$ cat target_24.cif   # mmCIF, C-alpha atoms
data_data
loop_
_atom_site.label_atom_id
_atom_site.label_comp_id
_atom_site.auth_asym_id
_atom_site.auth_seq_id
_atom_site.Cartn_x
_atom_site.Cartn_y
_atom_site.Cartn_z
CA MET A 78 79.30 71.90 129.85
CA VAL A 79 82.85 70.53 130.07
CA ASN A 80 84.40 70.95 133.52
CA ASP A 81 87.22 73.53 133.26
CA THR A 82 89.28 72.02 136.11
CA ALA A 83 89.14 68.60 134.50
CA MET A 84 90.32 70.06 131.19
CA ARG A 85 93.43 71.46 132.86
CA ARG A 86 94.14 68.23 134.75
CA VAL A 87 93.94 65.94 131.71
CA PRO A 88 95.54 67.49 128.59
CA ARG A 89 93.45 66.81 125.53
CA LYS A 90 95.06 66.53 122.13
CA ILE A 91 93.95 67.31 118.58
CA LEU A 92 95.55 66.34 115.27
CA PHE A 93 94.63 69.01 112.73
CA LEU A 94 95.16 68.16 109.04
CA SER A 95 95.52 71.32 106.96
CA GLU A 96 97.32 72.73 103.93
CA ALA A 97 98.44 75.64 106.10
CA PHE A 98 101.90 76.92 105.20
CA SER A 99 103.82 79.29 107.41
CA ALA A 100 105.41 82.36 105.81
CA GLU A 101 108.83 80.78 106.35
CA THR A 102 107.79 77.55 104.60
CA VAL A 103 106.40 79.54 101.66
CA ARG A 104 109.70 81.40 101.33
CA ARG A 105 112.02 78.45 101.87
CA ARG A 106 110.20 75.98 99.63
CA GLY A 107 109.50 78.34 96.73
CA ILE A 108 105.72 78.17 97.01
CA PRO A 109 104.37 81.09 94.90
CA MET A 110 101.56 81.85 97.31
CA ALA A 111 100.31 80.59 100.63
CA ASN A 112 96.87 79.07 101.02
CA VAL A 113 95.73 82.11 102.99
CA ALA A 114 92.21 80.78 103.55
CA ALA A 115 93.57 77.54 105.02
CA TRP A 116 96.05 79.40 107.24
CA ASN A 117 93.47 81.89 108.53
CA ARG A 118 90.85 79.24 109.23
CA THR A 119 93.35 76.87 110.83
CA ALA A 120 94.85 79.59 113.04
CA THR A 121 91.38 80.69 114.17
CA LEU A 122 90.24 77.19 115.08
CA VAL A 123 93.54 76.55 116.86
CA ARG A 124 93.00 79.69 118.96
CA LEU A 125 89.52 78.50 119.91
CA LEU A 126 90.80 75.02 120.78
CA GLU A 127 93.57 76.46 122.92
CA GLN A 128 91.01 78.45 124.90
CA ARG A 129 89.53 75.08 125.89
CA HIS A 130 92.98 73.75 126.81
CA PHE A 131 93.47 71.44 123.85
CA LYS A 132 97.02 70.77 122.71
CA VAL A 133 96.91 71.00 118.91
CA SER A 134 99.33 69.51 116.38
CA VAL A 135 98.75 70.88 112.87
CA LEU A 136 100.09 68.55 110.18
CA SER A 137 100.80 69.82 106.64
CA SER A 138 102.57 68.31 103.64
CA GLY A 139 104.19 71.65 102.84
CA VAL A 140 104.19 70.74 99.13
CA THR A 141 102.10 72.15 96.30
CA TRP A 142 101.86 71.64 92.54
CA ARG A 143 102.64 75.35 92.23
CA SER A 144 106.11 75.13 93.81
CA ARG A 145 108.72 76.96 91.75
CA THR A 146 111.67 74.75 92.64
CA GLY A 147 112.56 72.13 90.07
CA PHE A 148 114.13 69.76 92.61
CA ALA A 149 113.23 69.92 96.28
CA VAL A 150 115.24 68.77 99.27
CA HIS A 151 113.60 70.03 102.44
CA ARG A 152 113.60 68.49 105.86
CA GLY A 153 110.47 68.19 107.90
CA THR A 154 110.02 71.15 110.25
CA THR A 155 108.32 71.95 113.54
CA GLU A 156 107.11 75.51 114.07
CA ALA A 157 104.79 77.37 116.40
CA ILE A 158 101.24 78.27 115.37
CA GLU A 159 99.74 80.26 118.21
CA SER A 160 100.96 78.20 121.22
CA SER A 161 100.49 74.89 119.40
CA THR A 162 102.67 73.07 116.89
CA LEU A 163 102.81 73.15 113.08
CA LEU A 164 104.42 70.00 111.70
CA THR A 165 105.45 70.16 108.03
CA THR A 166 106.58 66.95 106.32
CA ALA A 167 109.76 66.67 104.26
CA ALA A 168 109.85 67.39 100.53
CA ILE A 169 112.25 65.43 98.35
CA GLY A 170 112.66 65.11 94.56
CA PRO A 171 111.42 66.90 91.40
CA ARG A 172 108.21 68.91 91.76
CA TYR A 173 105.70 66.21 90.83
CA VAL A 174 107.65 63.48 92.61
CA ALA A 175 107.89 65.68 95.70
CA ARG A 176 104.13 66.23 95.61
CA ALA A 177 103.38 62.51 95.29
CA LEU A 178 105.92 61.60 97.95
CA GLY A 179 104.50 64.37 100.14
CA VAL A 180 101.14 62.57 100.15
CA VAL A 181 102.84 59.35 101.27
CA LEU A 182 104.80 61.16 103.98
CA LEU A 183 101.66 62.97 105.16
CA ILE A 184 99.70 59.73 105.47
CA GLY A 185 102.59 57.97 107.22
CA SER A 186 103.15 60.86 109.63
CA ALA A 187 99.44 61.07 110.45
CA PHE A 188 99.11 57.32 111.00
CA ALA A 189 102.15 57.30 113.29
CA HIS A 190 100.96 60.38 115.22
CA LEU A 191 97.51 58.91 115.78
CA TRP A 192 98.92 55.58 116.93
CA ARG A 193 101.42 57.22 119.28
CA GLU A 194 99.45 60.17 120.68
CA ARG A 195 95.84 58.88 120.61
CA PRO A 196 94.31 62.38 120.44
CA THR A 197 90.72 63.18 121.32
CA ALA A 198 89.93 63.93 117.67
CA THR A 199 91.33 64.38 114.20
CA ILE A 200 90.14 67.55 112.48
CA ALA A 201 90.56 67.95 108.71
CA TYR A 202 90.46 71.26 106.86
CA ASN A 203 88.06 70.52 104.01
CA TYR A 204 88.03 67.11 102.36
CA SER A 205 90.16 64.93 100.13
CA PHE A 206 90.65 61.20 99.70
CA VAL A 207 93.94 61.53 101.62
CA TYR A 208 92.19 63.10 104.60
CA LEU A 209 89.38 60.56 104.29
CA LEU A 210 91.89 57.70 104.52
CA ILE A 211 93.47 59.27 107.62
CA GLY A 212 90.00 59.83 109.05
CA ILE A 213 89.09 56.16 108.62
CA TRP A 214 92.30 55.18 110.43
CA SER A 215 91.30 57.58 113.23
CA LEU A 216 87.90 55.94 113.56
CA MET A 217 89.47 52.46 113.61
CA LEU A 218 91.54 53.63 116.59
CA GLY A 219 88.43 54.98 118.33
CA ILE A 220 89.39 58.60 117.60
CA ARG A 221 86.70 61.02 116.43
CA PHE A 222 87.02 62.32 112.86
CA ILE A 223 85.71 65.88 112.42
CA VAL A 224 85.74 67.79 109.13
CA ASP A 225 85.82 71.56 108.76
CA ILE A 226 83.92 72.08 105.48
CA GLU A 227 84.91 75.30 103.72
CA ASP A 228 83.59 74.61 100.22
CA ILE A 229 80.68 72.67 98.75
CA MET A 230 82.06 71.15 95.58
CA VAL A 231 79.91 71.42 92.45
CA PRO A 232 80.74 71.36 88.71
CA ALA A 233 81.96 74.64 87.23
CA PRO A 234 79.21 75.70 84.77
CA ASP A 235 81.61 77.78 82.67
CA ARG A 236 83.85 74.79 81.91
CA GLY A 237 83.20 71.78 79.70
CA PRO A 238 82.18 68.48 81.37
CA MET A 239 85.49 66.87 80.35
CA SER A 240 87.68 69.84 81.20
CA ILE A 241 90.55 69.32 83.63
CA GLU A 242 88.84 71.62 86.13
CA ASN A 243 85.59 69.64 86.14
CA LEU A 244 87.40 66.30 86.20
CA LYS A 245 89.18 67.48 89.37
CA ARG A 246 85.87 68.67 90.77
CA ARG A 247 84.29 65.28 90.13
CA VAL A 248 87.02 63.62 92.15
CA LEU A 249 86.53 66.11 94.99
CA MET A 250 82.76 65.66 94.81
CA ARG A 251 83.25 61.94 95.45
CA ALA A 252 85.62 62.74 98.32
CA MET A 253 83.00 65.12 99.75
CA HIS A 254 80.27 62.50 99.37
CA TRP A 255 82.19 59.81 101.22
CA THR A 256 83.43 62.26 103.84
CA LEU A 257 79.84 63.27 104.63
CA ARG A 258 79.01 59.60 105.15
CA THR A 259 82.10 58.83 107.24
CA ALA A 260 82.96 61.73 109.56
CA SER A 261 81.83 61.89 113.17
CA ALA A 262 80.84 65.56 113.01
CA PHE A 263 81.32 68.74 111.00
CA ILE A 264 82.34 72.37 111.41
CA VAL A 265 80.77 74.82 108.95
CA PRO A 266 81.24 78.58 108.45
CA ALA A 267 77.51 79.34 108.08
CA ARG A 268 74.19 77.71 108.89
CA SER A 269 73.30 77.78 105.18
CA PHE A 270 76.08 75.21 104.63
CA ALA A 271 74.43 72.77 107.00
CA ARG A 272 71.11 73.15 105.17
CA LYS A 273 72.68 72.65 101.75
CA LEU A 274 74.61 69.58 102.87
CA GLY A 275 71.65 68.09 104.75
CA LEU A 276 73.60 67.82 108.01
CA ASP A 277 71.84 66.71 111.16
CA ARG A 278 72.73 67.94 114.66
CA ARG A 279 76.35 66.79 114.37
CA PHE A 280 77.68 70.18 113.37
CA ALA A 281 78.78 73.51 114.82
CA VAL A 282 78.65 76.85 113.03
CA ILE A 283 82.00 78.52 113.66
CA GLU A 284 82.34 81.84 111.92
CA TYR A 285 85.87 83.05 111.90
CA SER A 286 88.07 86.09 111.77
CA MET A 287 91.77 86.77 112.16
CA ALA A 288 90.86 90.12 113.67
CA GLU A 289 89.53 90.54 117.18
CA PRO A 290 86.46 92.83 117.33
CA VAL A 291 87.67 96.40 117.74
CA ASP A 292 85.72 99.64 117.65
CA ASP A 293 88.15 102.40 116.73
CA SER A 294 87.73 105.50 114.58
CA ARG A 295 87.28 105.39 110.80
CA PHE A 296 86.34 107.78 107.99
CA GLU A 297 88.94 110.31 109.13
CA ASP A 298 90.94 110.67 105.89
CA GLU A 299 90.02 113.09 103.13
CA ARG A 300 89.28 110.08 100.93
CA VAL A 301 87.24 106.99 101.75
CA ASN A 302 89.62 104.01 101.83
CA VAL A 303 88.06 100.89 100.29
CA LEU A 304 89.54 97.38 100.41
CA PHE A 305 89.01 94.55 97.90
CA CYS A 306 90.76 91.24 98.56
CA GLY A 307 91.17 88.77 95.68
CA PRO A 308 90.80 86.37 94.02
CA TYR A 309 90.38 88.47 90.90
CA ALA A 310 87.73 86.40 89.17
CA GLN A 311 84.25 86.96 87.78
CA ALA A 312 82.56 84.86 90.46
CA HIS A 313 84.26 86.91 93.21
CA GLY A 314 82.98 90.21 91.84
CA PHE A 315 86.17 91.64 90.36
CA ALA A 316 84.54 92.51 87.03
CA LEU A 317 81.75 94.19 88.99
CA LEU A 318 84.34 96.27 90.83
CA LEU A 319 86.18 97.23 87.63
CA ASP A 320 82.96 98.40 86.00
CA ALA A 321 82.08 100.41 89.11
CA LEU A 322 85.54 102.03 89.12
CA LYS A 323 85.13 103.04 85.47
CA ARG A 324 81.77 104.64 86.24
CA LEU A 325 83.15 106.48 89.27
CA HIS A 326 85.91 107.87 87.06
CA GLU A 327 83.45 108.90 84.35
CA ARG A 328 81.25 110.63 86.94
CA GLY A 329 84.22 112.47 88.45
CA THR A 330 83.74 110.91 91.89
CA LEU A 331 86.65 108.44 91.90
CA ARG A 332 88.78 111.19 93.48
CA HIS A 333 86.75 110.80 96.68
CA PHE A 334 88.08 107.26 97.17
CA ARG A 335 91.26 105.25 97.43
CA PHE A 336 90.81 101.59 96.52
CA HIS A 337 93.24 99.05 97.97
CA LEU A 338 93.70 95.73 96.12
CA THR A 339 95.46 92.76 97.74
CA GLY A 340 96.53 89.51 96.11
CA PRO A 341 97.52 88.92 92.47
CA ALA A 342 96.10 92.15 91.10
CA PRO A 343 96.74 93.09 87.45
CA ASP A 344 99.93 95.05 86.80
CA ALA A 345 99.67 98.83 87.03
CA GLU A 346 99.64 99.45 83.25
CA THR A 347 96.95 96.84 82.61
CA LEU A 348 94.82 98.17 85.45
CA ALA A 349 95.17 101.79 84.35
CA HIS A 350 94.30 100.85 80.77
CA ALA A 351 91.24 98.89 81.88
CA LEU A 352 90.02 101.75 84.06
CA GLY A 353 91.03 104.57 81.77
CA THR A 354 92.16 106.52 84.85
CA GLY A 355 95.78 107.14 83.96
CA HIS A 356 98.47 106.80 86.62
CA ASP A 357 96.91 108.29 89.74
CA ASP A 358 96.69 107.03 93.29
CA SER A 359 92.99 106.14 93.30
CA VAL A 360 93.85 102.43 93.08
CA VAL A 361 96.69 101.00 95.20
CA ARG A 362 98.02 97.49 94.51
CA HIS A 363 99.47 95.78 97.60
CA GLY A 364 100.11 92.28 96.20
CA PHE A 365 100.26 89.37 98.62
CA LEU A 366 100.41 90.40 102.27
CA SER A 367 101.54 88.52 105.36
CA ALA A 368 98.94 88.04 108.09
CA GLY A 369 100.47 90.89 110.08
CA ASP A 370 100.55 93.29 107.13
CA TYR A 371 96.98 92.36 106.21
CA LEU A 372 95.72 93.12 109.71
CA ALA A 373 97.66 96.40 109.65
CA LEU A 374 95.95 97.35 106.38
CA LEU A 375 92.55 96.43 107.85
CA SER A 376 93.15 98.94 110.61
CA THR A 377 93.51 101.77 108.09
CA VAL A 378 90.62 101.22 105.65
CA ASP A 379 87.03 102.40 106.05
CA VAL A 380 85.06 100.07 103.76
CA GLY A 381 85.52 96.41 102.86
CA LEU A 382 83.99 94.95 99.69
CA SER A 383 82.75 91.35 99.71
CA LEU A 384 81.36 91.03 96.19
CA GLN A 385 81.13 87.29 95.59
CA LEU A 386 78.24 86.91 93.18
CA ARG A 387 75.03 85.29 94.35
CA THR A 388 74.32 84.52 90.69
CA GLY A 389 77.70 82.85 90.11
CA HIS A 390 78.59 79.18 90.60
CA LEU A 391 80.09 80.00 94.02
CA GLY A 392 76.91 81.70 95.20
CA GLU A 393 75.46 78.52 96.65
CA THR A 394 78.68 76.91 97.76
CA ASN A 395 80.93 79.43 99.52
CA VAL A 396 80.81 81.91 102.38
CA PRO A 397 83.29 84.79 102.04
CA SER A 398 85.57 84.72 105.07
CA LYS A 399 86.55 88.32 104.36
CA SER A 400 83.06 89.44 105.48
CA PHE A 401 83.71 88.22 109.02
CA GLU A 402 87.18 89.77 108.93
CA PHE A 403 85.86 93.18 107.90
CA LEU A 404 83.11 93.33 110.51
CA ALA A 405 85.33 92.20 113.37
CA ALA A 406 88.09 94.61 112.33
CA GLY A 407 85.71 97.56 112.49
CA VAL A 408 85.44 98.04 108.71
CA LEU A 409 82.11 98.97 107.13
CA LEU A 410 81.05 95.92 105.13
CA VAL A 411 79.50 96.21 101.67
CA CYS A 412 78.41 92.74 100.59
CA THR A 413 76.20 90.72 98.27
CA GLU A 414 73.51 88.31 99.50
CA VAL A 415 75.76 85.23 99.34
CA GLY A 416 75.42 82.73 102.18
CA ASP A 417 73.77 84.21 105.27
CA GLN A 418 74.66 87.79 104.30
CA GLY A 419 71.25 88.65 102.90
CA ALA A 420 69.98 89.01 106.47
CA TRP A 421 72.84 91.29 107.58
CA THR A 422 71.05 94.59 106.96
CA ASP A 423 71.50 95.42 110.66
CA ARG A 424 75.28 95.38 110.35
CA ALA A 425 76.28 95.91 106.72
CA VAL A 426 75.30 97.52 103.43
CA VAL A 427 73.78 94.63 101.46
CA LEU A 428 73.72 94.89 97.66
CA ARG A 429 70.33 93.67 96.50
CA SER A 430 71.32 94.04 92.85
CA GLU A 431 74.67 92.79 91.56
CA ASP A 432 75.30 95.50 88.98
CA PRO A 433 77.89 98.32 88.73
CA ALA A 434 75.29 101.10 88.98
CA SER A 435 74.09 99.78 92.36
CA LEU A 436 77.63 99.51 93.68
CA VAL A 437 78.44 103.05 92.50
CA THR A 438 75.29 104.37 94.21
CA VAL A 439 76.27 102.67 97.45
CA LEU A 440 79.87 103.93 97.37
CA GLU A 441 78.85 107.50 96.55
CA SER A 442 76.27 107.47 99.34
CA ILE A 443 78.96 106.37 101.79
CA ALA A 444 81.22 109.23 100.72
CA ALA A 445 78.33 111.70 100.98
CA ASP A 446 77.06 110.51 104.38
CA ARG A 447 80.03 109.35 106.41
CA SER A 448 78.39 109.92 109.79
CA GLY A 449 75.36 107.79 108.94
CA HIS A 450 77.51 104.93 107.69
CA GLU A 451 79.82 105.34 110.68
CA ARG A 452 76.86 104.43 112.89
CA LEU A 453 76.22 101.30 110.80
CA ARG A 454 79.89 100.40 110.99
CA ARG A 455 79.85 100.56 114.78
CA THR A 456 76.71 98.44 114.82
CA GLY A 457 78.58 95.87 112.74
CA VAL A 458 81.45 95.75 115.23
CA ARG A 459 79.03 95.21 118.12
CA ALA A 460 77.24 92.45 116.16
CA ALA A 461 80.57 90.72 115.50
CA ALA A 462 81.52 90.88 119.18
CA ARG A 463 78.10 89.52 120.18
CA ASP A 464 77.48 86.83 117.56
CA TRP A 465 81.02 85.62 117.01
CA ASN A 466 82.27 85.84 120.56
CA ALA A 467 85.43 83.75 120.83
CA ALA A 468 84.59 82.24 124.23
CA THR A 469 81.13 81.15 123.05
CA LYS A 470 82.49 79.68 119.80
CA ALA A 471 85.26 77.87 121.69
CA GLU A 472 82.68 76.28 123.99
CA GLN A 473 80.55 75.22 121.00
CA LEU A 474 83.58 73.66 119.35
CA ASP A 475 84.54 71.87 122.55
CA HIS A 476 81.00 70.50 122.92
CA LEU A 477 81.04 69.22 119.32
CA ILE A 478 84.36 67.43 119.78
CA THR A 479 83.43 65.96 123.14
CA ASN A 480 80.03 64.69 122.00
CA ALA A 481 80.74 63.69 118.37
#

$ encode --input "target_24.cif" --output "structure tokens"
Amino acid sequence: MVNDTAMRRVPRKILFLSEAFSAETVRRRGIPMANVAAWNRTATLVRLLEQRHFKVSVLSSGVTWRSRTGFAVHRGTTEAIESSTLLTTAAIGPRYVARALGVVLLIGSAFAHLWRERPTATIAYNYSFVYLLIGIWSLMLGIRFIVDIEDIMVPAPDRGPMSIENLKRRVLMRAMHWTLRTASAFIVPARSFARKLGLDRRFAVIEYSMAEPVDDSRFEDERVNVLFCGPYAQAHGFALLLDALKRLHERGTLRHFRFHLTGPAPDAETLAHALGTGHDDSVVRHGFLSAGDYLALLSTVDVGLSLQLRTGHLGETNVPSKSFEFLAAGVLLVCTEVGDQGAWTDRAVVLRSEDPASLVTVLESIAADRSGHERLRRTGVRAAARDWNAATKAEQLDHLITNA
């Protein structure tokens, strides 16, 4: 165990490479949407590192191919993320020039920071050839290079082998391959990731949640409030949800629920036409939410849906972060068997069959037996507090960094 007094006496530093954009950067630079997953994961790991008295500098290019602005002129910025620092590089030139120049500025800024600050470790959010290059420079300076792996890259089976999507995936697969061979250690969101990647003991399983475990009251409204967070894609279970909503409407039981959709949901007319429900308030579209608004919404819903398909191409390669969020926030989790979730029968309602009829049966049983599912919900909160305890996870992360 690392001596706590020694940690306070000798400040330890971390350089964290991440495509995390603050809300202000998203607004100012015309980025159509933030990389919410990167921001949530980065903020959570930063909180854990700060518990162990690390001083963290998060470095981001602050540029994306999706930027709306035709010509960008933005200075580099320094902002707070928790009690650490978020450094965003400058953006100059037309969109594609700004993106290319942003890579150069990111590499230059990282190289200079590593040379000047000599941190204990460099942590990268996921993998890319840019992060790999910075990681190699870290290792040359005697600085540990640790990678937080969020996705296992595989070809998309629903796209052609020469499609743009699969060509990009091939590049990222090579970056993943070389990163696995180069990095000092790894952070993964579930033990199943370590098994799939063939990692040895140089890893720590750090589940994450923006929400702190809280056990407040739910199921108090006349309707059951259900939350589905995008993306709105087949592999993430959106078609499954739409089919279930249609069936609930046909059975006359949709009126017992209010479904909340966040992210780029279809427009109201398209959604109403697809569901055949008319313009009622059974489905509420919230659009993109800030972290604060998202947490506020979490505090008001009863059920959270995590419907990523086990049978889809993401079933073997992703772990839904929303599942951890829902449990910690005190929301009853309804989930598929993706990742480690198949064993969560003690804390969640696990869908054994990924079909609309099964989802409808589960939702109607929740509405019919609120007290029974309230007990399961409270069990889920206690499991989150026990298994994903922040102090324990912070110590595990510290041990990984110190001994990588």

$ closest_residue --input "target_24.cif" --among "A:Val437, A:Met230, A:Ile91, A:Leu216" --to "Asp320 of chain A" --atoms "all atoms listed in the file"
A:Val437

$ resolve_selection --input "target_24.cif" --expression "the PyMOL selection byres ((chain A and resi 181) around 12)" --output "JSON, numbers by chain"
{"A": [137, 138, 140, 166, 167, 168, 169, 174, 175, 176, 177, 178, 179, 180, 182, 183, 184, 185, 186, 187, 188, 207, 208, 210, 211]}

$ residues_around --input "target_24.cif" --residues "Ser261 of chain A" --least-positions-apart "6" --cutoff "12 Å" --atoms "all atoms listed in the file" --output "NGL selection string"
:A and (198-201 or 209 or 212-213 or 215-216 or 219-225 or 276-280 or 477-481)

$ atom_distance --input "target_24.cif" --atom1 "atom CA of Leu428 of chain A" --atom2 "atom CA of Arg324 of chain A"
17.0 Å

$ closest_residue --input "target_24.cif" --among "A:Gly314, A:Pro238, A:Pro171, A:Gly364" --to "Pro433 of chain A" --atoms "all atoms listed in the file"
A:Gly314

$ closest_residue --input "target_24.cif" --among "A:Ala281, A:Thr259, A:Leu163, A:Leu191" --to "His476 of chain A" --atoms "only C-alpha atoms"
A:Ala281

$ resolve_selection --input "target_24.cif" --expression "the PyMOL selection byres ((chain A and resi 154) around 12)" --output "list in words"
Phe98, Ser99, Glu101, Thr102, Arg105, Arg106, Val135, Leu136, Ser137, Ser138, Gly139, His151, Arg152, Gly153, Thr155, Glu156, Ala157, Thr162, Leu163, Leu164, Thr165, Thr166, Ala167 and Ala168 of chain A

$ resolve_selection --input "target_24.cif" --expression "the PyMOL selection byres ((chain A and resi 386) around 12)" --output "ChimeraX atom specification"
/A:310-318,382-385,387-397,412-416,418,428-432

$ atom_distance --input "target_24.cif" --atom1 "atom CA of Trp465 of chain A" --atom2 "atom CA of Asp370 of chain A"
23.2 Å

$ closest_residue --input "target_24.cif" --among "A:Glu96, A:Glu284, A:Asp228, A:Glu402" --to "Leu122 of chain A" --atoms "only C-alpha atoms"
A:Glu284

$ residues_near_point --input "target_24.cif" --point "(84.4, 76.3, 125.7)" --cutoff "8 Å" --atoms "all atoms listed in the file" --output "ChimeraX atom specification"
/A:78-79,128-129,468-476

$ atom_distance --input "target_24.cif" --atom1 "atom CA of Val378 of chain A" --atom2 "atom CA of Pro308 of chain A"
18.9 Å

$ closest_residue --input "target_24.cif" --among "A:Glu227, A:Tyr204, A:Arg295, A:Gly237" --to "Met253 of chain A" --atoms "all atoms listed in the file"
A:Tyr204

$ closest_residue --input "target_24.cif" --among "A:Val282, A:Met250, A:Val458, A:Ala114" --to "Phe263 of chain A" --atoms "all atoms listed in the file"
A:Val282

$ build_atoms --input "target_24.cif" --residues "segment 207-229 of chain A" --atoms "N, CA and C atoms" --output "compact mmCIF listing (two decimals), keeping the file's coordinate frame"
# COMPACT_ATOMS: atom_id res chain seq x y z
N VAL A 207 92.83 61.73 100.67
CA VAL A 207 93.94 61.53 101.62
C VAL A 207 93.44 61.75 103.04
N TYR A 208 92.73 62.84 103.27
CA TYR A 208 92.19 63.10 104.60
C TYR A 208 91.15 62.05 104.98
N LEU A 209 90.38 61.59 104.01
CA LEU A 209 89.38 60.56 104.29
C LEU A 209 90.06 59.27 104.76
N LEU A 210 91.15 58.89 104.11
CA LEU A 210 91.89 57.70 104.52
C LEU A 210 92.42 57.85 105.95
N ILE A 211 92.98 59.03 106.26
CA ILE A 211 93.47 59.27 107.62
C ILE A 211 92.32 59.27 108.61
N GLY A 212 91.18 59.82 108.19
CA GLY A 212 90.00 59.83 109.05
C GLY A 212 89.51 58.43 109.37
N ILE A 213 89.52 57.55 108.39
CA ILE A 213 89.09 56.16 108.62
C ILE A 213 90.03 55.48 109.61
N TRP A 214 91.33 55.73 109.47
CA TRP A 214 92.30 55.18 110.43
C TRP A 214 92.01 55.73 111.84
N SER A 215 91.66 57.00 111.93
CA SER A 215 91.30 57.58 113.23
C SER A 215 90.13 56.82 113.85
N LEU A 216 89.10 56.62 113.05
CA LEU A 216 87.90 55.94 113.56
C LEU A 216 88.21 54.51 113.97
N MET A 217 89.08 53.83 113.24
CA MET A 217 89.47 52.46 113.61
C MET A 217 90.17 52.43 114.95
N LEU A 218 90.85 53.54 115.29
CA LEU A 218 91.54 53.63 116.59
C LEU A 218 90.63 54.18 117.69
N GLY A 219 89.36 54.43 117.35
CA GLY A 219 88.43 54.98 118.33
C GLY A 219 88.59 56.47 118.53
N ILE A 220 89.16 57.15 117.54
CA ILE A 220 89.39 58.60 117.60
C ILE A 220 88.37 59.29 116.71
N ARG A 221 87.72 60.32 117.20
CA ARG A 221 86.70 61.02 116.43
C ARG A 221 87.32 61.69 115.20
N PHE A 222 86.58 61.70 114.11
CA PHE A 222 87.02 62.32 112.86
C PHE A 222 86.05 63.45 112.53
N ILE A 223 86.54 64.69 112.61
CA ILE A 223 85.71 65.88 112.42
C ILE A 223 86.24 66.67 111.23
N VAL A 224 85.33 67.11 110.36
CA VAL A 224 85.74 67.79 109.13
C VAL A 224 85.24 69.23 109.14
N ASP A 225 86.16 70.15 108.90
CA ASP A 225 85.82 71.56 108.76
C ASP A 225 85.56 71.81 107.28
N ILE A 226 84.29 71.94 106.90
CA ILE A 226 83.92 72.08 105.48
C ILE A 226 83.91 73.56 105.10
N GLU A 227 84.79 73.91 104.17
CA GLU A 227 84.91 75.30 103.72
C GLU A 227 84.28 75.54 102.36
N ASP A 228 84.15 74.48 101.57
CA ASP A 228 83.59 74.61 100.22
C ASP A 228 82.64 73.45 99.96
N ILE A 229 81.57 73.73 99.24
CA ILE A 229 80.68 72.67 98.75
C ILE A 229 81.02 72.49 97.28
